[in-house]
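The data block below is my_file-v1.cif; it holds mmCIF, C-alpha atoms.
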data_work
#
loop_
_atom_site.label_atom_id
_atom_site.label_comp_id
_atom_site.auth_asym_id
_atom_site.auth_seq_id
_atom_site.Cartn_x
_atom_site.Cartn_y
_atom_site.Cartn_z
CA MET J 225 -11.32 -1.04 5.16
CA GLY J 226 -10.58 -2.50 1.75
CA TYR J 227 -10.13 -6.21 1.16
CA THR J 228 -8.31 -8.09 -1.59
CA GLN J 229 -8.35 -11.86 -1.69
CA VAL J 230 -5.00 -13.59 -1.28
CA VAL J 231 -5.77 -17.25 -0.86
CA GLY J 232 -9.03 -19.04 -0.08
CA GLU J 233 -10.98 -16.93 2.37
CA GLN J 234 -7.89 -15.14 3.69
CA TYR J 235 -7.68 -11.45 2.87
CA HIS J 236 -5.18 -8.61 2.57
CA THR J 237 -6.56 -5.39 4.07
CA PHE J 238 -5.77 -1.73 3.59
CA VAL J 239 -7.34 1.52 4.81
CA ILE J 240 -9.32 3.97 2.69
CA LEU J 241 -9.98 7.49 4.01
CA THR J 242 -13.01 9.24 2.52
CA ASP J 243 -13.78 12.95 2.76
CA THR J 244 -17.45 13.02 3.77
CA GLU J 245 -17.92 16.40 2.05
CA THR J 246 -16.21 15.91 -1.31
CA GLY J 247 -15.96 12.13 -1.65
CA GLN J 248 -12.19 12.31 -2.23
CA GLN J 249 -10.39 9.18 -1.15
CA PHE J 250 -6.87 8.46 0.04
CA ALA J 251 -5.46 5.09 1.07
CA THR J 252 -2.60 3.48 2.91
CA ARG J 253 -1.38 -0.09 2.73
CA ALA J 254 1.59 -2.30 3.42
CA GLY J 255 3.17 -5.48 2.16
CA PRO J 256 6.47 -7.34 2.08
CA THR J 257 9.48 -5.59 0.55
CA THR J 258 10.53 -8.64 -1.45
CA ASN J 259 8.82 -11.75 -2.73
CA SER J 260 11.43 -14.16 -1.46
CA PHE J 261 10.47 -16.96 0.89
CA SER J 262 14.11 -17.80 1.47
CA GLY J 263 16.27 -16.52 4.29
CA SER J 264 16.70 -17.41 7.91
CA ALA J 265 15.86 -16.20 11.36
CA SER J 266 19.02 -14.10 11.29
CA ASP J 267 17.53 -12.08 8.45
CA ALA J 268 14.98 -10.67 10.86
CA GLY J 269 17.73 -9.04 12.86
CA SER J 270 18.64 -6.88 9.89
CA GLY J 271 15.04 -6.13 9.00
CA GLY J 272 14.96 -9.14 6.73
CA GLY J 273 11.62 -10.58 7.75
CA TYR J 274 12.77 -14.13 6.94
CA GLY J 275 13.44 -13.14 3.36
CA PHE J 276 10.32 -11.02 2.86
CA GLY J 277 12.17 -7.95 4.07
CA PRO J 278 10.71 -5.31 6.34
CA ILE J 279 7.10 -4.18 6.05
CA HIS J 280 6.84 -1.63 3.25
CA ALA J 281 4.10 0.98 3.73
CA GLN J 282 2.65 3.19 1.00
CA THR J 283 0.11 6.01 0.77
CA GLY J 284 -1.63 7.76 -2.09
CA PRO J 285 -4.86 8.86 -3.73
CA TYR J 286 -7.26 5.93 -3.92
CA ASP J 287 -7.98 5.51 -7.60
CA SER J 288 -6.84 3.33 -10.50
CA SER J 289 -3.22 4.31 -9.87
CA PHE J 290 -3.27 2.87 -6.33
CA ILE J 291 -1.73 -0.58 -5.98
CA ASP J 292 -4.70 -2.40 -4.42
CA GLN J 293 -7.50 -0.73 -6.33
CA PRO J 294 -8.24 -3.16 -9.17
CA ASN J 295 -8.29 -6.25 -6.97
CA VAL J 296 -10.68 -5.08 -4.25
CA VAL J 297 -13.38 -7.65 -3.52
CA ALA J 298 -15.05 -5.95 -0.56
CA THR J 299 -15.03 -2.80 1.51
CA GLN J 300 -16.16 -2.37 5.10
CA SER J 301 -17.10 0.97 6.53
CA ILE J 302 -15.54 1.45 9.98
CA GLY J 303 -17.05 4.80 10.93
CA THR J 304 -16.57 8.56 10.90
CA ILE J 305 -14.13 10.74 12.82
CA PRO J 306 -14.53 14.53 13.24
CA THR J 307 -11.14 15.27 11.66
CA ASP J 308 -10.31 17.43 8.68
CA TYR J 309 -9.61 15.25 5.63
CA SER J 310 -6.17 16.75 5.03
CA GLN J 311 -5.26 16.06 8.67
CA ALA J 312 -6.36 12.43 8.36
CA VAL J 313 -4.22 12.13 5.21
CA ALA J 314 -1.26 13.65 7.07
CA ASN J 315 -1.81 11.09 9.83
CA ALA J 316 -1.75 8.25 7.28
CA GLN J 317 1.49 9.61 5.82
CA ASN J 318 3.03 9.89 9.30
CA PHE J 319 1.96 6.34 10.16
CA ALA J 320 3.51 5.01 6.93
CA ASN J 321 6.73 6.95 7.46
CA VAL J 322 7.09 5.78 11.07
CA THR J 323 6.38 2.17 10.04
CA ASN J 324 9.00 2.27 7.29
CA ALA J 325 11.53 3.93 9.60
CA ASN J 326 11.01 1.25 12.23
CA GLY J 327 12.03 -1.52 9.81
CA ILE J 328 9.56 -4.10 11.13
CA PRO J 329 10.34 -7.58 9.71
CA TYR J 330 7.41 -8.87 7.65
CA TRP J 331 5.98 -12.29 8.27
CA VAL J 332 3.04 -13.92 6.49
CA LEU J 333 0.98 -14.41 9.64
CA GLY J 334 2.05 -11.09 11.15
CA PRO J 335 3.31 -8.55 11.55
CA ASN J 336 1.98 -8.05 8.03
CA SER J 337 -0.27 -5.86 5.91
CA ASN J 338 -3.27 -6.69 8.07
CA SER J 339 -1.39 -5.75 11.24
CA TYR J 340 -0.55 -2.46 9.54
CA ALA J 341 -4.13 -1.67 8.45
CA SER J 342 -5.73 -2.49 11.81
CA THR J 343 -3.04 -0.73 13.83
CA PHE J 344 -3.36 2.39 11.68
CA THR J 345 -7.13 2.37 12.20
CA GLU J 346 -6.59 2.04 15.94
CA SER J 347 -4.10 4.92 15.91
CA LEU J 348 -6.64 7.08 14.09
CA THR J 349 -9.79 6.23 16.04
CA GLY J 350 -8.60 4.73 19.31
CA THR J 351 -10.57 1.58 18.51
CA ARG J 352 -9.31 -1.66 17.01
CA PRO J 353 -11.61 -2.46 14.05
CA THR J 354 -13.73 -5.60 14.08
CA LEU J 355 -13.17 -7.09 10.64
CA GLU J 356 -15.89 -8.94 8.77
CA HIS J 357 -13.54 -11.13 6.75
CA SER J 358 -10.59 -13.22 7.83
CA ALA J 359 -7.38 -11.17 7.85
CA PRO J 360 -4.62 -13.08 9.65
CA GLY J 361 -2.30 -10.80 11.58
CA SER J 362 -4.92 -8.07 12.08
CA ASP J 363 -4.78 -8.58 15.84
CA MET J 364 -1.07 -7.77 15.97
CA GLY J 365 0.59 -4.42 16.54
CA THR J 366 0.17 -1.31 18.67
CA PRO J 367 0.47 2.31 17.54
CA SER J 368 4.05 3.58 17.84
CA SER J 369 4.91 6.24 20.38
CA ASP J 370 6.76 7.98 17.53
CA LEU J 371 3.50 9.03 15.84
CA ASN J 372 2.87 12.78 15.82
CA TYR J 373 -0.92 12.54 16.32
CA SER J 374 -3.41 11.14 18.79
CA PRO J 375 -6.60 9.16 18.14
CA THR J 376 -9.88 10.94 17.44
CA PRO J 377 -12.78 8.79 18.66
CA LEU J 378 -15.39 7.64 16.16
CA VAL J 379 -18.59 9.67 16.14
CA THR J 380 -20.41 7.06 14.07
CA SER J 381 -19.60 3.41 13.82
CA SER J 382 -20.64 1.61 10.67
CA SER J 383 -19.56 -1.94 11.35
CA GLY J 384 -21.63 -4.37 9.35
CA ASN J 385 -21.79 -2.23 6.22
CA THR J 386 -19.88 -4.42 3.82
CA GLN J 387 -20.05 -3.88 0.08
CA CYS J 388 -18.80 -6.69 -2.09
CA GLY J 389 -17.65 -7.00 -5.64
CA GLN J 390 -16.24 -3.50 -6.04
CA MET P 293 -4.44 -26.77 13.35
CA ARG P 294 -0.68 -26.91 12.71
CA ALA P 295 -1.32 -28.70 9.43
CA ILE P 296 -3.80 -26.03 8.34
CA VAL P 297 -1.41 -23.21 9.21
CA GLY P 298 1.41 -25.02 7.44
CA ALA P 299 -0.65 -25.54 4.31
CA LEU P 300 -1.74 -21.91 4.37
CA LEU P 301 1.84 -20.72 4.70
CA ALA P 302 2.95 -22.92 1.85
CA MET P 303 0.15 -21.69 -0.42
CA ILE P 304 0.86 -18.05 0.35
CA ALA P 305 4.57 -18.58 -0.09
CA VAL P 306 4.00 -20.01 -3.55
CA ILE P 307 1.63 -17.20 -4.47
CA VAL P 308 3.92 -14.45 -3.28
CA SER P 309 7.16 -16.00 -4.42
CA GLY P 310 6.18 -17.74 -7.60
CA CYS P 311 8.90 -19.72 -9.30
CA ARG P 312 10.69 -16.47 -10.12
CA ASP P 313 10.22 -12.76 -9.71
CA CYS P 314 7.64 -12.32 -12.47
CA ILE P 315 7.53 -8.54 -12.17
CA GLU P 316 11.30 -8.08 -12.58
CA PRO P 317 11.28 -7.58 -16.40
CA LYS P 318 8.52 -4.96 -16.17
CA PHE P 319 10.37 -3.27 -13.31
CA GLN P 320 13.55 -3.07 -15.38
CA GLU P 321 11.60 -1.78 -18.38
CA VAL P 322 9.86 1.00 -16.45
CA LYS P 323 12.96 1.97 -14.47
CA GLY P 324 15.07 2.10 -17.63
CA LEU P 325 12.50 4.19 -19.42
CA LEU P 326 12.07 6.74 -16.64
CA ASP P 327 15.79 6.90 -15.81
CA GLY P 328 16.43 7.64 -19.47
CA LYS P 329 13.71 10.22 -20.00
CA LEU P 330 13.34 12.05 -16.69
CA LYS P 331 15.93 13.93 -14.67
CA VAL P 332 16.02 16.14 -11.62
CA GLY P 333 14.79 19.61 -12.55
CA ASP P 334 12.37 18.52 -15.28
CA THR P 335 9.03 20.30 -15.38
CA ARG P 336 5.64 18.92 -14.46
CA GLU P 337 4.68 19.11 -18.14
CA ARG P 338 7.65 16.95 -19.07
CA VAL P 339 6.68 14.36 -16.46
CA GLU P 340 3.15 14.13 -17.81
CA GLU P 341 4.42 13.94 -21.39
CA VAL P 342 6.77 11.06 -20.56
CA LEU P 343 4.15 9.12 -18.60
CA LYS P 344 1.52 9.59 -21.31
CA SER P 345 3.87 8.58 -24.11
CA ALA P 346 4.72 5.42 -22.16
CA GLU P 347 0.99 4.80 -21.61
CA ILE P 348 1.49 4.81 -17.85
CA GLY P 349 -1.64 5.98 -16.06
CA TYR P 350 -0.98 8.41 -13.25
CA THR P 351 -2.51 10.54 -10.54
CA TYR P 352 -1.09 13.69 -9.01
CA ASP P 353 -0.93 13.35 -5.22
CA ARG P 354 -1.32 16.91 -3.96
CA PHE P 355 -0.64 15.87 -0.39
CA SER P 356 2.79 14.46 -1.24
CA ASN P 357 3.46 16.71 -4.25
CA ARG P 358 4.21 13.76 -6.48
CA TYR P 359 2.86 11.71 -9.36
CA GLN P 360 1.71 8.19 -8.49
CA SER P 361 1.48 5.24 -10.89
CA THR P 362 1.08 1.50 -10.61
CA VAL P 363 2.29 -0.55 -13.56
CA ARG P 364 1.24 -4.17 -13.89
CA ASP P 365 2.31 -7.03 -16.08
CA ALA P 366 -0.54 -9.08 -17.51
CA ARG P 367 1.71 -12.12 -17.50
CA CYS P 368 2.06 -11.97 -13.71
CA GLU P 369 -0.34 -12.70 -10.89
CA PRO P 370 -1.95 -9.55 -9.47
CA TYR P 371 0.17 -9.88 -6.32
CA ALA P 372 3.11 -7.98 -7.78
CA ALA P 373 3.35 -4.63 -9.53
CA VAL P 374 5.71 -1.76 -10.16
CA SER P 375 5.15 1.41 -8.11
CA VAL P 376 6.26 4.73 -9.56
CA TYR P 377 6.55 8.00 -7.66
CA VAL P 378 7.83 11.14 -9.35
CA ASN P 379 8.46 13.62 -6.56
CA LEU P 380 8.38 17.37 -7.18
CA ASP P 381 10.00 20.18 -5.23
CA THR P 382 8.24 23.32 -4.09
CA SER P 383 8.79 24.97 -7.48
CA GLY P 384 7.12 22.05 -9.26
CA LYS P 385 10.30 20.54 -10.69
CA VAL P 386 11.30 16.88 -10.44
CA SER P 387 13.30 16.21 -7.28
CA LYS P 388 13.37 12.41 -7.28
CA VAL P 389 12.07 9.49 -9.34
CA GLU P 390 11.29 6.31 -7.39
CA VAL P 391 10.56 3.02 -9.13
CA SER P 392 10.09 -0.08 -6.98
CA LYS P 393 8.57 -3.54 -7.00
CA THR P 394 5.49 -3.84 -4.78
CA TYR P 395 4.01 -7.05 -3.45
CA THR P 396 0.67 -7.97 -1.95
CA SER P 397 0.23 -10.68 0.65
CA LEU P 398 -1.60 -11.05 3.94
#
What is this file in structure tokens?
Amino acid sequence: MGYTQVVGEQYHTFVILTDTETGQQFATRAGPTTNSFSGSASDAGSGGGYGFGPIHAQTGPYDSSFIDQPNVVATQSIGTIPTDYSQAVANAQNFANVTNANGIPYWVLGPNSNSYASTFTESLTGTRPTLEHSAPGSDMGTPSSDLNYSPTPLVTSSSGNTQCGQ
Amino acid sequence: MRAIVGALLAMIAVIVSGCRDCIEPKFQEVKGLLDGKLKVGDTRERVEEVLKSAEIGYTYDRFSNRYQSTVRDARCEPYAAVSVYVNLDTSGKVSKVEVSKTYTSL
């Protein structure tokens, strides 16, 4: 789990997948579609998210070209699943596509990027991650029935292995 | 508790919104550049040439068969950026160029 600081001790989270054999990394994240704080409750009915628009999910190689990379202040290892790296990447892509297709209205306190990251982790491992930093909204969301994969239980759990200042 | 949540919301709203959409000029710049220099059917070599000449760092995403870039504006907070995806078809030619504004919040 990657963390970037948004305000005070409140964090934006995203998920980093690491190939245990090659070290390759791939990530998925979400955020609001727009930066507007305007709008009304009726916006939500059209995917408006009270002016923030629907949740916008992205995937890609985790390097300097990935949106969150330069601002990461901490990472937390969640554990290992016995899944081929390319399959885990395909699962992340499916989760992002299903999320975008569902047009979920974004709201600051959730559903938000933290809801997305924790729900993706749950969809992948079957276990909701226990986060070490405050990420409002991370308790919201359940994996969609539209996903084309099922969870693979963790074989090792690494909670408590936070690295800061990356 | 309500006061804390309200203050938090207000702070985040200001951070995410800003007084204006700071990333808009950079978005228009990048979109204009890529719309003008790349077209459907262009080769992978052409894509790399255009991105390099514009000093846009990129990564090839083999899983999505596309080039990925994030362009920032030093004048803006790090909560907004421009995302670029140049999608290729199975023959390695450009099929679609996507340029969008991307925001970070909770």
### Message
Could you list, as a ChimeraX atom specification, every residue matched by the PyMOL selection byres ((chain J and resi 253) around 7) in this structure?
### Response
/J:238-239,251-252,254,281-283,337,341
Same residues, C-alpha atoms, saved as a PDB file, in the coordinates of the input:
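Ended up saving to part-v4.pdb:
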ATOM      1  CA  PHE J 238      -5.770  -1.730   3.590  1.00  0.00           C
ATOM      2  CA  VAL J 239      -7.340   1.520   4.810  1.00  0.00           C
ATOM      3  CA  ALA J 251      -5.460   5.090   1.070  1.00  0.00           C
ATOM      4  CA  THR J 252      -2.600   3.480   2.910  1.00  0.00           C
ATOM      5  CA  ALA J 254       1.590  -2.300   3.420  1.00  0.00           C
ATOM      6  CA  ALA J 281       4.100   0.980   3.730  1.00  0.00           C
ATOM      7  CA  GLN J 282       2.650   3.190   1.000  1.00  0.00           C
ATOM      8  CA  THR J 283       0.110   6.010   0.770  1.00  0.00           C
ATOM      9  CA  SER J 337      -0.270  -5.860   5.910  1.00  0.00           C
ATOM     10  CA  ALA J 341      -4.130  -1.670   8.450  1.00  0.00           C
TER      11      ALA J 341
END
Starting from the shown file, work through the PyMOL selection byres ((chain J) within 6 of (chain P)) and note down what comes out as an mmCIF file with C-alpha atoms, in the frame of the given file.
data_model
loop_
_atom_site.group_PDB
_atom_site.id
_atom_site.type_symbol
_atom_site.label_atom_id
_atom_site.label_comp_id
_atom_site.auth_asym_id
_atom_site.auth_seq_id
_atom_site.Cartn_x
_atom_site.Cartn_y
_atom_site.Cartn_z
ATOM 1 C CA HIS J 236 -5.180 -8.610 2.570
ATOM 2 C CA GLY J 255 3.170 -5.480 2.160
ATOM 3 C CA ASN J 259 8.820 -11.750 -2.730
ATOM 4 C CA SER J 260 11.430 -14.160 -1.460
ATOM 5 C CA SER J 289 -3.220 4.310 -9.870
ATOM 6 C CA ILE J 291 -1.730 -0.580 -5.980
ATOM 7 C CA SER J 337 -0.270 -5.860 5.910
#
### Query
Could you spell out the hits of the PyMOL selection byres ((chain J and resi 244) around 10) on the shown file, as a ChimeraX atom specification?
/J:241-243,245-249,304-305,308-309
Take the residues from that selection and write them out as a PDB file, keeping the file's coordinate frame, keeping C-alpha atoms.
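Full text of part24.pdb as output:
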ATOM      1  CA  LEU J 241      -9.980   7.490   4.010  1.00  0.00           C
ATOM      2  CA  THR J 242     -13.010   9.240   2.520  1.00  0.00           C
ATOM      3  CA  ASP J 243     -13.780  12.950   2.760  1.00  0.00           C
ATOM      4  CA  GLU J 245     -17.920  16.400   2.050  1.00  0.00           C
ATOM      5  CA  THR J 246     -16.210  15.910  -1.310  1.00  0.00           C
ATOM      6  CA  GLY J 247     -15.960  12.130  -1.650  1.00  0.00           C
ATOM      7  CA  GLN J 248     -12.190  12.310  -2.230  1.00  0.00           C
ATOM      8  CA  GLN J 249     -10.390   9.180  -1.150  1.00  0.00           C
ATOM      9  CA  THR J 304     -16.570   8.560  10.900  1.00  0.00           C
ATOM     10  CA  ILE J 305     -14.130  10.740  12.820  1.00  0.00           C
ATOM     11  CA  ASP J 308     -10.310  17.430   8.680  1.00  0.00           C
ATOM     12  CA  TYR J 309      -9.610  15.250   5.630  1.00  0.00           C
TER      13      TYR J 309
END
### Message
Just want the 8 Å neighbourhood of Pro367 of chain J, counted on all atoms listed in the file, with same-chain residues fewer than 2 positions away dropped. Output as a count of residues only.
### Response
7
### Query
Between atom CA of Ser310 of chain J and atom CA of Ser368 of chain J, what is the spacing in Å?
21.0 Å
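The coordinates place atom CA of Thr258 of chain J at 9.6 Å from atom CA of Tyr330 of chain J.
Every polymer residue reaching to within 10 Å of (11.5, 1.1, 8.2), counting all atoms listed in the file, appears in this list: Gly271, Gly277, Pro278, Ile279, His280, Ala281, Ala320, Asn321, Val322, Thr323, Asn324, Ala325, Asn326, Gly327, Ile328 and Pro329 of chain J.
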